[in-house]
Each structure stands twice: as C-alpha cells, then as structure tokens.
file protein34.txt (compact mmCIF, C-alpha atoms and all ligand atoms)
# COMPACT_ATOMS: atom_id res chain seq x y z
CA MET A 1349 -10.60 -11.23 33.73
CA SER A 1350 -9.06 -8.28 35.56
CA SER A 1351 -11.34 -5.41 36.45
CA GLN A 1352 -9.92 -2.03 37.32
CA SER A 1353 -11.45 1.38 37.49
CA SER A 1354 -9.61 4.67 37.04
CA LEU A 1355 -11.16 8.10 36.72
CA TYR A 1356 -9.92 10.44 34.00
CA ASP A 1357 -11.46 13.73 32.97
CA VAL A 1358 -11.61 12.43 29.41
CA VAL A 1359 -11.30 9.01 27.82
CA ILE A 1360 -10.74 9.17 24.06
CA ILE A 1361 -11.47 6.10 21.96
CA GLY A 1362 -9.26 6.08 18.86
CA GLY A 1363 -5.69 7.17 18.22
CA GLY A 1364 -6.13 8.68 14.76
CA VAL A 1365 -5.79 12.38 14.01
CA ALA A 1366 -9.10 13.28 15.69
CA GLY A 1367 -8.37 11.43 18.93
CA LEU A 1368 -4.79 12.69 19.16
CA SER A 1369 -5.81 16.28 18.46
CA ALA A 1370 -8.38 16.01 21.25
CA ALA A 1371 -5.70 14.57 23.58
CA LEU A 1372 -3.22 17.32 22.75
CA TRP A 1373 -5.86 19.92 23.45
CA CYS A 1374 -6.82 18.22 26.72
CA ASP A 1375 -3.19 18.59 27.81
CA GLU A 1376 -3.15 22.19 26.61
CA LEU A 1377 -6.21 22.89 28.79
CA GLY A 1378 -5.09 20.93 31.85
CA LEU A 1379 -7.56 18.05 31.49
CA SER A 1380 -6.39 14.53 32.34
CA ALA A 1381 -6.89 12.31 29.30
CA LEU A 1382 -6.39 8.74 28.20
CA VAL A 1383 -6.32 7.67 24.53
CA LEU A 1384 -7.24 4.04 23.80
CA GLU A 1385 -6.06 2.75 20.42
CA SER A 1386 -6.81 -0.78 19.26
CA ALA A 1387 -3.89 -0.96 16.82
CA GLY A 1388 -0.24 -1.37 17.77
CA GLU A 1389 0.54 2.14 16.50
CA ILE A 1390 -1.15 5.53 16.29
CA GLY A 1391 -2.29 7.21 13.08
CA GLY A 1392 -5.44 5.39 11.93
CA GLN A 1393 -6.12 6.19 8.28
CA LEU A 1394 -2.91 8.19 7.92
CA LEU A 1395 -1.25 4.79 7.58
CA TRP A 1396 -3.39 4.07 4.49
CA ILE A 1397 -2.25 7.21 2.65
CA HIS A 1398 0.51 6.46 0.16
CA ASN A 1399 0.23 9.73 -1.78
CA ARG A 1400 1.75 13.10 -0.94
CA ILE A 1401 -0.33 15.21 1.43
CA GLU A 1402 -0.23 18.83 0.37
CA ASN A 1403 -3.51 20.21 1.64
CA HIS A 1404 -2.99 20.35 5.40
CA LEU A 1405 -2.61 24.02 6.25
CA GLY A 1406 0.63 25.00 7.91
CA ALA A 1407 2.26 21.59 7.52
CA GLU A 1408 5.07 21.13 5.00
CA PRO A 1409 3.89 18.69 2.32
CA VAL A 1410 4.73 15.13 3.32
CA ALA A 1411 5.46 12.16 1.06
CA ASN A 1412 2.71 10.06 2.63
CA GLY A 1413 0.49 9.65 5.69
CA ARG A 1414 3.07 7.69 7.64
CA GLU A 1415 5.45 10.65 7.45
CA LEU A 1416 2.76 12.95 8.86
CA ARG A 1417 2.01 10.34 11.52
CA ASP A 1418 5.70 10.30 12.51
CA ARG A 1419 5.64 14.08 12.89
CA ILE A 1420 2.55 13.83 15.07
CA ALA A 1421 4.24 11.12 17.19
CA GLU A 1422 7.24 13.42 17.68
CA GLN A 1423 4.98 16.35 18.57
CA ILE A 1424 2.94 14.50 21.20
CA LYS A 1425 5.95 12.80 22.84
CA THR A 1426 6.29 15.54 25.43
CA ARG A 1427 2.56 16.03 25.93
CA ASN A 1428 0.96 15.06 29.18
CA PHE A 1429 -1.70 12.48 28.39
CA GLN A 1430 -1.84 8.71 28.60
CA LEU A 1431 -1.75 6.69 25.39
CA ARG A 1432 -2.42 2.97 25.35
CA LEU A 1433 -1.82 0.95 22.19
CA ASN A 1434 -3.27 -2.52 21.55
CA ALA A 1435 -6.14 -1.34 23.74
CA LYS A 1436 -9.28 -2.31 21.89
CA VAL A 1437 -12.50 -1.06 23.42
CA VAL A 1438 -15.06 -3.87 23.24
CA SER A 1439 -17.97 -2.28 25.05
CA VAL A 1440 -19.05 1.21 26.03
CA ASN A 1441 -21.70 2.53 28.38
CA LEU A 1442 -22.18 6.09 27.17
CA ASN A 1443 -24.52 7.17 29.97
CA GLU A 1444 -22.13 5.95 32.67
CA LYS A 1445 -18.98 7.01 30.72
CA LYS A 1446 -17.48 3.56 31.16
CA VAL A 1447 -15.48 1.58 28.63
CA GLN A 1448 -14.31 -2.00 28.75
CA LEU A 1449 -11.19 -3.30 27.05
CA GLU A 1450 -10.67 -6.71 25.47
CA ASN A 1451 -8.82 -7.91 28.58
CA GLY A 1452 -11.83 -7.10 30.76
CA GLU A 1453 -10.40 -3.93 32.28
CA GLU A 1454 -12.97 -1.19 32.92
CA ILE A 1455 -12.11 2.49 32.72
CA SER A 1456 -14.30 5.40 33.81
CA SER A 1457 -14.19 9.06 32.98
CA ARG A 1458 -16.24 12.22 33.31
CA PHE A 1459 -16.37 12.79 29.55
CA LEU A 1460 -15.99 10.53 26.55
CA ILE A 1461 -14.67 11.46 23.13
CA LEU A 1462 -15.50 8.98 20.39
CA ALA A 1463 -12.88 9.10 17.60
CA THR A 1464 -13.07 5.62 16.10
CA GLY A 1465 -13.03 6.78 12.47
CA VAL A 1466 -14.06 4.60 9.57
CA SER A 1467 -13.20 1.22 8.04
CA ARG A 1468 -13.12 0.19 4.40
CA ARG A 1469 -16.39 -1.38 3.27
CA ARG A 1470 -16.31 -5.02 2.24
CA LEU A 1471 -18.42 -6.91 -0.25
CA ASN A 1472 -18.27 -10.16 1.73
CA ILE A 1473 -17.96 -12.31 -1.37
CA PRO A 1474 -16.08 -15.63 -1.52
CA GLY A 1475 -12.34 -15.08 -1.95
CA GLU A 1476 -12.27 -11.52 -0.57
CA THR A 1477 -10.53 -12.55 2.65
CA GLU A 1478 -8.73 -15.66 1.40
CA PHE A 1479 -6.84 -13.82 -1.37
CA LYS A 1480 -5.80 -10.78 0.67
CA GLY A 1481 -2.13 -10.24 -0.14
CA ARG A 1482 -2.32 -12.99 -2.79
CA GLY A 1483 -3.64 -10.87 -5.62
CA ILE A 1484 -5.91 -8.54 -3.68
CA ILE A 1485 -3.92 -5.35 -3.28
CA GLU A 1486 -4.49 -2.48 -0.85
CA SER A 1487 -3.25 0.58 -2.71
CA GLY A 1488 -2.61 1.50 -6.34
CA LYS A 1489 0.16 3.89 -5.37
CA ARG A 1490 1.95 1.49 -3.01
CA ASP A 1491 1.44 -1.77 -4.87
CA GLY A 1492 1.56 -0.42 -8.44
CA TYR A 1493 4.96 -2.00 -9.11
CA LEU A 1494 3.40 -5.47 -8.67
CA VAL A 1495 0.86 -4.74 -11.38
CA THR A 1496 3.34 -3.69 -14.08
CA GLY A 1497 2.47 -5.50 -17.33
CA LYS A 1498 -0.41 -7.40 -15.65
CA THR A 1499 -4.20 -7.27 -15.53
CA VAL A 1500 -5.97 -5.63 -12.60
CA CYS A 1501 -9.67 -5.22 -11.76
CA ILE A 1502 -10.71 -2.22 -9.66
CA ILE A 1503 -14.08 -2.42 -7.96
CA GLY A 1504 -15.89 0.84 -7.18
CA GLY A 1505 -17.31 4.00 -8.67
CA GLY A 1506 -16.06 6.91 -6.57
CA ASP A 1507 -12.98 9.11 -6.66
CA ALA A 1508 -10.74 6.52 -5.03
CA ALA A 1509 -11.64 3.80 -7.58
CA CYS A 1510 -11.20 6.12 -10.55
CA GLU A 1511 -7.98 7.65 -9.29
CA ASN A 1512 -6.54 4.16 -8.79
CA ALA A 1513 -7.64 3.17 -12.31
CA LEU A 1514 -5.59 6.09 -13.63
CA ILE A 1515 -2.58 5.32 -11.42
CA LEU A 1516 -2.56 1.64 -12.36
CA GLY A 1517 -3.42 2.38 -16.00
CA GLU A 1518 0.05 3.87 -16.33
CA VAL A 1519 1.78 0.56 -15.54
CA ALA A 1520 -0.71 -2.30 -16.01
CA ALA A 1521 -1.29 -4.03 -19.34
CA GLN A 1522 -5.05 -3.93 -18.75
CA VAL A 1523 -7.28 -2.32 -16.13
CA TYR A 1524 -10.98 -3.15 -15.68
CA LEU A 1525 -12.96 -0.60 -13.71
CA ILE A 1526 -16.05 -2.42 -12.43
CA HIS A 1527 -18.97 -0.45 -11.01
CA ARG A 1528 -22.39 -1.66 -9.87
CA ARG A 1529 -24.26 1.47 -11.02
CA ALA A 1530 -24.75 3.04 -14.45
CA GLU A 1531 -23.24 6.37 -13.37
CA PHE A 1532 -19.98 7.14 -11.58
CA ARG A 1533 -19.81 9.40 -8.51
CA ALA A 1534 -16.22 10.40 -9.21
CA ARG A 1535 -14.82 13.79 -10.18
CA ARG A 1536 -15.29 14.81 -13.82
CA GLU A 1537 -11.53 15.24 -14.33
CA PHE A 1538 -10.90 11.58 -13.39
CA LEU A 1539 -13.67 10.33 -15.68
CA ASP A 1540 -12.44 12.42 -18.61
CA LYS A 1541 -8.91 11.07 -18.19
CA ILE A 1542 -10.19 7.48 -17.94
CA LYS A 1543 -11.93 7.86 -21.32
CA GLN A 1544 -8.58 8.75 -22.86
CA GLN A 1545 -6.73 5.82 -21.29
CA PRO A 1546 -6.83 3.03 -23.92
CA ASN A 1547 -6.00 0.19 -21.51
CA VAL A 1548 -8.80 1.01 -19.03
CA THR A 1549 -12.08 -0.80 -19.76
CA VAL A 1550 -15.13 0.37 -17.84
CA LEU A 1551 -17.84 -2.16 -16.92
CA THR A 1552 -20.95 -0.56 -15.40
CA GLU A 1553 -24.01 -2.21 -13.84
CA THR A 1554 -21.81 -5.17 -13.00
CA ASN A 1555 -21.39 -6.83 -9.60
CA PRO A 1556 -18.59 -9.11 -8.39
CA LEU A 1557 -19.84 -12.55 -7.27
CA GLN A 1558 -16.64 -14.32 -6.29
CA ILE A 1559 -12.87 -14.35 -6.70
CA LEU A 1560 -11.37 -17.45 -8.22
CA GLY A 1561 -7.91 -18.95 -8.05
CA LYS A 1562 -5.78 -21.69 -6.55
CA LYS A 1563 -2.84 -20.16 -4.67
CA ALA A 1564 -3.48 -16.59 -5.84
CA VAL A 1565 -6.12 -14.60 -7.70
CA GLU A 1566 -6.69 -15.92 -11.23
CA ALA A 1567 -10.12 -14.58 -12.16
CA ILE A 1568 -13.17 -12.70 -10.95
CA GLU A 1569 -16.75 -13.81 -11.55
CA LEU A 1570 -19.18 -11.02 -12.33
CA GLU A 1571 -22.89 -10.59 -12.86
CA ARG A 1572 -24.46 -8.05 -15.22
CA LYS A 1573 -27.73 -6.27 -14.46
CA ASP A 1574 -29.55 -8.65 -16.85
CA GLY A 1575 -28.45 -11.61 -14.67
CA SER A 1576 -25.80 -12.95 -17.05
CA VAL A 1577 -22.69 -14.26 -15.31
CA PHE A 1578 -19.18 -14.13 -16.77
CA GLN A 1579 -15.54 -14.30 -15.69
CA ILE A 1580 -12.52 -12.10 -16.35
CA ALA A 1581 -9.02 -13.50 -16.01
CA THR A 1582 -7.06 -11.13 -13.76
CA ASP A 1583 -3.85 -11.10 -11.74
CA PHE A 1584 -4.86 -8.45 -9.23
CA ILE A 1585 -7.98 -6.93 -7.67
CA LEU A 1586 -8.32 -3.66 -5.77
CA PHE A 1587 -11.51 -2.84 -3.84
CA ARG A 1588 -12.49 0.81 -3.44
CA ILE A 1589 -16.15 0.63 -2.46
CA GLY A 1590 -16.14 3.30 0.21
CA VAL A 1591 -15.96 3.37 3.97
CA ALA A 1592 -18.33 2.80 6.88
CA PRO A 1593 -18.19 4.52 10.30
CA ASN A 1594 -16.87 2.46 13.23
CA THR A 1595 -19.97 3.07 15.35
CA GLU A 1596 -21.21 -0.45 16.04
CA LEU A 1597 -20.00 -0.25 19.69
CA PHE A 1598 -22.39 2.59 20.53
CA ARG A 1599 -24.81 2.92 17.62
CA ASN A 1600 -27.85 2.00 19.71
CA GLN A 1601 -26.96 4.45 22.51
CA LEU A 1602 -26.94 7.74 20.60
CA GLU A 1603 -28.37 9.47 17.54
CA THR A 1604 -26.85 8.54 14.22
CA SER A 1605 -27.65 9.16 10.58
CA PRO A 1606 -29.32 6.24 8.73
CA ASP A 1607 -25.90 5.09 7.50
CA GLY A 1608 -24.45 5.03 11.02
CA TYR A 1609 -22.49 8.29 11.27
CA VAL A 1610 -22.77 9.91 14.72
CA THR A 1611 -24.92 13.03 14.77
CA VAL A 1612 -23.19 15.99 16.46
CA ASN A 1613 -23.82 19.69 16.95
CA TYR A 1614 -21.29 22.41 16.07
CA LEU A 1615 -19.50 21.76 19.41
CA SER A 1616 -18.98 18.07 18.51
CA GLU A 1617 -21.52 17.07 21.19
CA THR A 1618 -23.54 13.92 20.59
CA SER A 1619 -27.11 13.32 21.74
CA VAL A 1620 -25.75 11.87 25.03
CA PRO A 1621 -24.66 14.49 27.61
CA ASN A 1622 -20.86 14.73 28.02
CA VAL A 1623 -20.18 12.40 25.10
CA PHE A 1624 -18.45 13.94 22.07
CA ALA A 1625 -17.68 12.57 18.62
CA THR A 1626 -14.85 13.87 16.46
CA GLY A 1627 -13.31 13.19 13.08
CA ASP A 1628 -14.58 10.94 10.32
CA LEU A 1629 -17.11 8.94 12.34
CA ALA A 1630 -19.18 12.11 12.74
CA ASN A 1631 -18.35 13.68 9.43
CA PRO A 1632 -19.23 11.92 6.17
CA THR A 1633 -19.28 15.23 4.28
CA SER A 1634 -15.80 16.43 5.14
CA PRO A 1635 -13.53 13.54 6.10
CA THR A 1636 -10.22 15.42 6.20
CA ILE A 1637 -7.24 15.78 8.47
CA SER A 1638 -8.17 19.43 9.09
CA THR A 1639 -11.73 18.53 10.14
CA ALA A 1640 -10.47 15.75 12.40
CA THR A 1641 -7.94 18.01 14.16
CA GLY A 1642 -10.50 20.82 14.35
CA THR A 1643 -13.28 18.75 15.87
CA GLY A 1644 -10.81 17.19 18.33
CA ALA A 1645 -9.88 20.66 19.54
CA THR A 1646 -13.55 21.70 19.65
CA ALA A 1647 -14.45 18.75 21.87
CA ALA A 1648 -11.65 19.48 24.36
CA LYS A 1649 -12.46 23.20 24.50
CA THR A 1650 -16.15 22.46 25.04
CA ILE A 1651 -15.35 20.02 27.85
CA LEU A 1652 -13.33 22.73 29.61
CA ALA A 1653 -16.23 25.15 29.21
CA ARG A 1654 -18.68 22.58 30.65
CA LEU A 1655 -16.42 22.01 33.67
CA ALA A 1656 -16.14 25.74 34.29
CA ALA A 1657 -19.90 26.33 34.02
C1 LIG B 1 -6.18 7.04 0.93
C2 LIG B 1 -6.58 8.25 1.74
C3 LIG B 1 -6.09 9.49 1.37
C4 LIG B 1 -6.44 10.63 2.12
N1 LIG B 1 -5.91 11.84 1.75
C5 LIG B 1 -6.19 12.93 2.52
C6 LIG B 1 -5.61 14.20 2.21
O1 LIG B 1 -4.85 14.35 1.25
N2 LIG B 1 -5.95 15.26 3.01
C7 LIG B 1 -6.79 15.15 4.07
O2 LIG B 1 -7.04 16.14 4.75
N3 LIG B 1 -7.35 13.95 4.38
C8 LIG B 1 -7.07 12.85 3.64
N4 LIG B 1 -7.64 11.64 3.97
C9 LIG B 1 -8.63 11.59 5.08
C10 LIG B 1 -7.95 11.61 6.47
O3 LIG B 1 -6.91 10.66 6.51
C11 LIG B 1 -9.01 11.29 7.51
O4 LIG B 1 -10.06 12.25 7.41
C12 LIG B 1 -8.45 11.35 8.96
O5 LIG B 1 -7.24 10.65 9.07
C13 LIG B 1 -9.52 10.78 9.91
O6 LIG B 1 -9.01 10.70 11.21
P1 LIG B 1 -9.91 10.08 12.39
O7 LIG B 1 -9.04 10.21 13.61
O8 LIG B 1 -11.24 10.69 12.40
O9 LIG B 1 -10.15 8.56 12.04
P2 LIG B 1 -9.17 7.33 11.77
O10 LIG B 1 -7.93 7.79 11.15
O11 LIG B 1 -10.01 6.32 11.06
O12 LIG B 1 -8.78 6.82 13.24
C14 LIG B 1 -9.64 6.06 14.04
C15 LIG B 1 -8.80 5.27 15.03
O13 LIG B 1 -9.66 4.63 15.97
C16 LIG B 1 -9.18 3.33 16.23
N5 LIG B 1 -10.28 2.50 16.73
C17 LIG B 1 -11.39 2.12 16.04
N6 LIG B 1 -12.19 1.34 16.81
C18 LIG B 1 -11.55 1.25 18.02
C19 LIG B 1 -11.87 0.58 19.23
N7 LIG B 1 -12.98 -0.16 19.37
N8 LIG B 1 -11.01 0.69 20.28
C20 LIG B 1 -9.89 1.44 20.17
N9 LIG B 1 -9.53 2.08 19.03
C21 LIG B 1 -10.35 1.99 17.98
C22 LIG B 1 -8.65 2.87 14.87
O14 LIG B 1 -7.71 1.81 15.02
C23 LIG B 1 -8.01 4.15 14.34
O15 LIG B 1 -6.65 4.26 14.70
C24 LIG B 1 -7.30 10.50 3.25
C25 LIG B 1 -7.76 9.24 3.62
C26 LIG B 1 -7.41 8.12 2.89
C27 LIG B 1 -7.91 6.77 3.32

call {"tool": "encode", "arguments": {"input": "protein34.txt", "output": "structure tokens"}}
result
Amino acid sequence: MSSQSSLYDVVIIGGGVAGLSAALWCDELGLSALVLESAGEIGGQLLWIHNRIENHLGAEPVANGRELRDRIAEQIKTRNFQLRLNAKVVSVNLNEKKVQLENGEEISSRFLILATGVSRRRLNIPGETEFKGRGIIESGKRDGYLVTGKTVCIIGGGDAACENALILGEVAAQVYLIHRRAEFRARREFLDKIKQQPNVTVLTETNPLQILGKKAVEAIELERKDGSVFQIATDFILFRIGVAPNTELFRNQLETSPDGYVTVNYLSETSVPNVFATGDLANPTSPTISTATGTGATAAKTILARLAA
C-alpha cells in the first residue's frame, strides 16, 4: 500500500457538475485544486440523462447529458487543475482535511469540497442485481426500443416513474406502474396523461418481493397491502424509486438531515470548518445543473475569501 502526501489548497471529491464547477472556479481564483473522481470518466449524473436538456441558462439545448458533459470536458481542458479518474475516495478525515484512495494513497489539502452527488436507491430484493441488463432496464428513453410490443413494469411513484410510464406507454404493449403508496408524488400533468393511456395499468399499495426468471426477467412477484401475493408476467422492469445522497464516507463527521443530505449554509459551508458541500448531496430540494454549478462557484469564492481574511 503506497502512502503519499501532497498539499493542495482544495481537494474536491466528485467529478460531476458540482465538483467540476468548483474546480473551474478554483483555477479562475488562483487556488490549486485536485478533483478525485471514482468513475473512469467525468460527468456523474449527466451520463444518466437521455433526454434533451433545455433548461440550463445560457447553454444551447443539448440532445442529452453526455453531450453537455462533452462540452464541459472541452471547456475544462485548458483549465489549470488536476483531475484524477478511477480515483475512488475510500476514507475521509474531515477535521484533518485528509482523504485516502482505494490504492492507499493519502492526499491532504487546506480545504475540502464534497461533491459526491447521489446514487439511485435500490430495493435490495432477489433478482435486482442478477437481472441487470437481462430485463432490468436503466432508462425509458434510451432502452424504449427494446420494449416495443412487450410488457414492462415500472416501480416508483414520483415524476421519473410516471414520465417513464408515459414514454414506454407509447411503444410497449402493456405497462404496469407499481407504487407502494396509495397516492403518487408526481406532477399532475403526468398523472392526468397516465389516466388517458389505455395500456398503462396502475397498481398502488403494492410492493415488489422478487424478480423471477431463468436467463432473463420473466415475472415479478408482488405483495398487496392486505398481504396477498401475486405475480405478473413481464419482459422488462424499470426501477425509479428515487435517489440517496452519497454521504456514507463522512456522514458521522458532519451535520446531515435525517435522510443523509449534508447540511450547509448559504456559502456551501458544512458544520466542519473549511469543509464545503456542493451540488445534489447538499440539495434535495433543488437537484439541478444550475444549482450544482452555482454551489461549486460559491464554495470556491468562499475559500478565497477565507484565505484572504
Ligand atoms: C435522468 C435525469 C435527468 C435530469 N435532468 C435535468 C435537467 O433537465 N436539468 C437540470 O438542471 N438537471 C437535471 N438533472 C439533475 C442534474 O443532472 C444533477 O442535479 C447534477 O448533475 C448533479 O451534479 P453533482 O455534481 O452534484 O452530482 P453527480 O452528478 O451525482 O456527481 C457526483 C460525482 O461524484 C463521484 N463520486 C461519488 N462518490 C465518490 C467517491 N467516494 N470518490 C470519488 N468520486 C466519487 C461520482 O462518481 C459522480 O461522478 C437530471 C438528473 C437525472 C438523473
């Protein structure tokens, strides 16, 4: 296990929009910065977006998140900060501003910016991992062509579940929208459209128990509120049960909300001095590209102000 210590002004954990905006602003302000990204490419959730993005002020609409990511990659190419891919942070000491990578390397800095975003929630039921890519699809928009003329079950009750039910309802023979509660949290316009879609069947107060099949998904087993268990034959399943903040590395070292989002003030400062949190992991109310870029900039600007004080 190699152990090495370097001192940067700022170490940024996460190479999504929030982390990269913070890094760009560090360069703008003359702060030395290092971005650590666990994946093999930058972009974070942008890589999950298969729809057009039309609501990012000042940016020409793009066909999908990857296109925006490519523009960001082009923009930061000439910027003066370090970016390390495949650099997963496995432990953090917030008070000492020290992070450790999977390979054992230790990196120190004067300030830390946490920008680890969110991950999709999982149900942890049998079959959920085993059938990934073998009937469990990731995106209605991207994988819709697979579903043409087939049956698909969508699990969830928010905007993403309902929007996907509408997208897939246009091509699938049958869509089941399965939600554990009696009421949906989704936008009224989605719910109204779903009512008019004859091939979308809504099952409320119903929980998935397991996914069944041999080589690929063949059925899903469900349980109603009254305890009765039944199965639906299906070719595909799409989970849209929300996201959870990636805060497990540092949750016990700073203040969070009960559901694990990092608590910050208007300057993106956490409860630990000189530790900032930006983007979705500190913002369950407004998880947007604009908020992520804005809070990244705020953190860098505040760091400069702290150094000058
Ligand atoms: C389907 C979909 C559609 C959307 N549409 C829009 C839209 O139209 N307009 C809009 O404004 N927003 C949209 N959003 C939201 C927007 O994409 C997010 O708000 C934004 O990308 C969040 O950026 P982030 O940097 O905070 O987090 P993320 O993008 O989640 O990035 C976090 C990064 O941290 C990395 N990381 C995590 N843990 C570690 C670790 N231990 N070590 C190192 N790296 C780590 C991850 O690999 C990831 O790259 C959409 C999101 C989705 C999923």

call {"tool": "residues_near_point", "arguments": {"input": "protein34.txt", "point": "(-13.6, 14.2, 10.0)", "cutoff": "9 Å", "atoms": "only C-alpha atoms", "output": "number ranges by chain"}}
result
A: 1365-1366, 1465, 1626-1643

call {"tool": "atom_distance", "arguments": {"input": "protein34.txt", "atom1": "atom CA of A:Thr1582", "atom2": "atom CA of A:Thr1499"}}
result
5.1 Å

call {"tool": "closest_residue", "arguments": {"input": "protein34.txt", "among": "A:Ala1534, A:Ile1484, A:Leu1551, A:Val1591", "to": "ligand LIG 1 (chain B)", "atoms": "all atoms listed in the file"}}
result
A:Val1591

call {"tool": "atom_distance", "arguments": {"input": "protein34.txt", "atom1": "atom CA of A:Gly1488", "atom2": "atom CA of A:Gly1367"}}
result
27.8 Å

call {"tool": "closest_atom_pairs", "arguments": {"input": "protein34.txt", "of": "chain A", "to": "ligand LIG 1 (chain B)", "cutoff": "8 Å", "atoms": "all atoms listed in the file", "output": "JSON lines"}}
result
{"residue": "A:Ile1361", "atom": "CA", "partner": "B:LIG1", "partner_atom": "C20", "distance": 5.2}
{"residue": "A:Gly1362", "atom": "CA", "partner": "B:LIG1", "partner_atom": "O13", "distance": 3.3}
{"residue": "A:Gly1363", "atom": "CA", "partner": "B:LIG1", "partner_atom": "O15", "distance": 4.7}
{"residue": "A:Gly1364", "atom": "CA", "partner": "B:LIG1", "partner_atom": "O7", "distance": 3.5}
{"residue": "A:Val1365", "atom": "CA", "partner": "B:LIG1", "partner_atom": "O7", "distance": 3.9}
{"residue": "A:Ala1366", "atom": "CA", "partner": "B:LIG1", "partner_atom": "O7", "distance": 3.7}
{"residue": "A:Gly1367", "atom": "CA", "partner": "B:LIG1", "partner_atom": "O7", "distance": 5.5}
{"residue": "A:Leu1368", "atom": "CA", "partner": "B:LIG1", "partner_atom": "O7", "distance": 7.4}
{"residue": "A:Leu1384", "atom": "CA", "partner": "B:LIG1", "partner_atom": "C20", "distance": 5.2}
{"residue": "A:Glu1385", "atom": "CA", "partner": "B:LIG1", "partner_atom": "N9", "distance": 3.8}
{"residue": "A:Ser1386", "atom": "CA", "partner": "B:LIG1", "partner_atom": "C20", "distance": 3.9}
{"residue": "A:Ala1387", "atom": "CA", "partner": "B:LIG1", "partner_atom": "O14", "distance": 5.1}
{"residue": "A:Glu1389", "atom": "CA", "partner": "B:LIG1", "partner_atom": "O15", "distance": 7.7}
{"residue": "A:Ile1390", "atom": "CA", "partner": "B:LIG1", "partner_atom": "O15", "distance": 5.9}
{"residue": "A:Gly1391", "atom": "CA", "partner": "B:LIG1", "partner_atom": "O15", "distance": 5.5}
{"residue": "A:Gly1392", "atom": "CA", "partner": "B:LIG1", "partner_atom": "O15", "distance": 3.2}
{"residue": "A:Gln1393", "atom": "CA", "partner": "B:LIG1", "partner_atom": "O10", "distance": 3.8}
{"residue": "A:Leu1394", "atom": "CA", "partner": "B:LIG1", "partner_atom": "O3", "distance": 4.9}
{"residue": "A:Trp1396", "atom": "CA", "partner": "B:LIG1", "partner_atom": "C27", "distance": 5.4}
{"residue": "A:Ile1397", "atom": "CA", "partner": "B:LIG1", "partner_atom": "C1", "distance": 4.3}
{"residue": "A:His1398", "atom": "CA", "partner": "B:LIG1", "partner_atom": "C1", "distance": 6.8}
{"residue": "A:Asn1399", "atom": "CA", "partner": "B:LIG1", "partner_atom": "C3", "distance": 7.1}
{"residue": "A:Arg1400", "atom": "CA", "partner": "B:LIG1", "partner_atom": "O1", "distance": 7.1}
{"residue": "A:Ile1401", "atom": "CA", "partner": "B:LIG1", "partner_atom": "O1", "distance": 4.6}
{"residue": "A:Glu1402", "atom": "CA", "partner": "B:LIG1", "partner_atom": "O1", "distance": 6.5}
{"residue": "A:Asn1403", "atom": "CA", "partner": "B:LIG1", "partner_atom": "N2", "distance": 5.7}
{"residue": "A:His1404", "atom": "CA", "partner": "B:LIG1", "partner_atom": "O2", "distance": 5.9}
{"residue": "A:Gly1413", "atom": "CA", "partner": "B:LIG1", "partner_atom": "O3", "distance": 7.5}
{"residue": "A:Asn1434", "atom": "CA", "partner": "B:LIG1", "partner_atom": "C20", "distance": 7.8}
{"residue": "A:Ala1435", "atom": "CA", "partner": "B:LIG1", "partner_atom": "C20", "distance": 5.9}
{"residue": "A:Lys1436", "atom": "CA", "partner": "B:LIG1", "partner_atom": "N8", "distance": 3.8}
{"residue": "A:Val1437", "atom": "CA", "partner": "B:LIG1", "partner_atom": "N8", "distance": 3.9}
{"residue": "A:Val1438", "atom": "CA", "partner": "B:LIG1", "partner_atom": "N7", "distance": 5.8}
{"residue": "A:Ser1439", "atom": "CA", "partner": "B:LIG1", "partner_atom": "N7", "distance": 7.9}
{"residue": "A:Leu1449", "atom": "CA", "partner": "B:LIG1", "partner_atom": "N8", "distance": 7.9}
{"residue": "A:Ala1463", "atom": "CA", "partner": "B:LIG1", "partner_atom": "O7", "distance": 5.6}
{"residue": "A:Thr1464", "atom": "CA", "partner": "B:LIG1", "partner_atom": "O13", "distance": 3.6}
{"residue": "A:Gly1465", "atom": "CA", "partner": "B:LIG1", "partner_atom": "O11", "distance": 3.4}
{"residue": "A:Val1466", "atom": "CA", "partner": "B:LIG1", "partner_atom": "O11", "distance": 4.6}
{"residue": "A:Ser1467", "atom": "CA", "partner": "B:LIG1", "partner_atom": "O11", "distance": 6.7}
{"residue": "A:Ser1487", "atom": "CA", "partner": "B:LIG1", "partner_atom": "C1", "distance": 8.0}
{"residue": "A:Ala1508", "atom": "CA", "partner": "B:LIG1", "partner_atom": "C1", "distance": 7.5}
{"residue": "A:Asn1594", "atom": "CA", "partner": "B:LIG1", "partner_atom": "N6", "distance": 6.0}
{"residue": "A:Leu1597", "atom": "CA", "partner": "B:LIG1", "partner_atom": "N7", "distance": 7.0}
{"residue": "A:Thr1626", "atom": "CA", "partner": "B:LIG1", "partner_atom": "O8", "distance": 6.3}
{"residue": "A:Gly1627", "atom": "CA", "partner": "B:LIG1", "partner_atom": "O8", "distance": 3.3}
{"residue": "A:Asp1628", "atom": "CA", "partner": "B:LIG1", "partner_atom": "O8", "distance": 3.9}
{"residue": "A:Leu1629", "atom": "CA", "partner": "B:LIG1", "partner_atom": "O8", "distance": 6.1}
{"residue": "A:Ser1634", "atom": "CA", "partner": "B:LIG1", "partner_atom": "O4", "distance": 7.5}
{"residue": "A:Pro1635", "atom": "CA", "partner": "B:LIG1", "partner_atom": "O4", "distance": 3.9}
{"residue": "A:Thr1636", "atom": "CA", "partner": "B:LIG1", "partner_atom": "O4", "distance": 3.4}
{"residue": "A:Ile1637", "atom": "CA", "partner": "B:LIG1", "partner_atom": "O2", "distance": 3.7}
{"residue": "A:Ser1638", "atom": "CA", "partner": "B:LIG1", "partner_atom": "O2", "distance": 5.6}
{"residue": "A:Thr1639", "atom": "CA", "partner": "B:LIG1", "partner_atom": "O4", "distance": 7.0}
{"residue": "A:Ala1640", "atom": "CA", "partner": "B:LIG1", "partner_atom": "O8", "distance": 5.1}
{"residue": "A:Thr1641", "atom": "CA", "partner": "B:LIG1", "partner_atom": "O7", "distance": 7.9}

call {"tool": "residues_around", "arguments": {"input": "protein34.txt", "residues": "A:Trp1373", "least_positions_apart": "5", "cutoff": "12 Å", "atoms": "all atoms listed in the file", "output": "VMD selection string"}}
result
chain A and resid 1358 1360 1366 to 1368 1378 to 1381 1424 1427 to 1429 1641 to 1652

call {"tool": "atom_distance", "arguments": {"input": "protein34.txt", "atom1": "atom CA of A:Leu1494", "atom2": "atom CA of A:Glu1531"}}
result
29.5 Å

call {"tool": "residues_around", "arguments": {"input": "protein34.txt", "residues": "A:Phe1598", "least_positions_apart": "4", "cutoff": "12 Å", "atoms": "all atoms listed in the file", "output": "ChimeraX atom specification"}}
result
/A:1361,1437-1443,1445-1447,1460,1462-1464,1593-1594,1602-1604,1608-1610,1618-1620,1623,1625,1629

call {"tool": "closest_residue", "arguments": {"input": "protein34.txt", "among": "A:His1527, A:Arg1482, A:Arg1535, A:Lys1573", "to": "A:Cys1501", "atoms": "only C-alpha atoms"}}
result
A:His1527

call {"tool": "closest_residue", "arguments": {"input": "protein34.txt", "among": "A:Ile1526, A:Leu1431, A:Val1359, A:Ile1542", "to": "A:Leu1514", "atoms": "only C-alpha atoms"}}
result
A:Ile1542
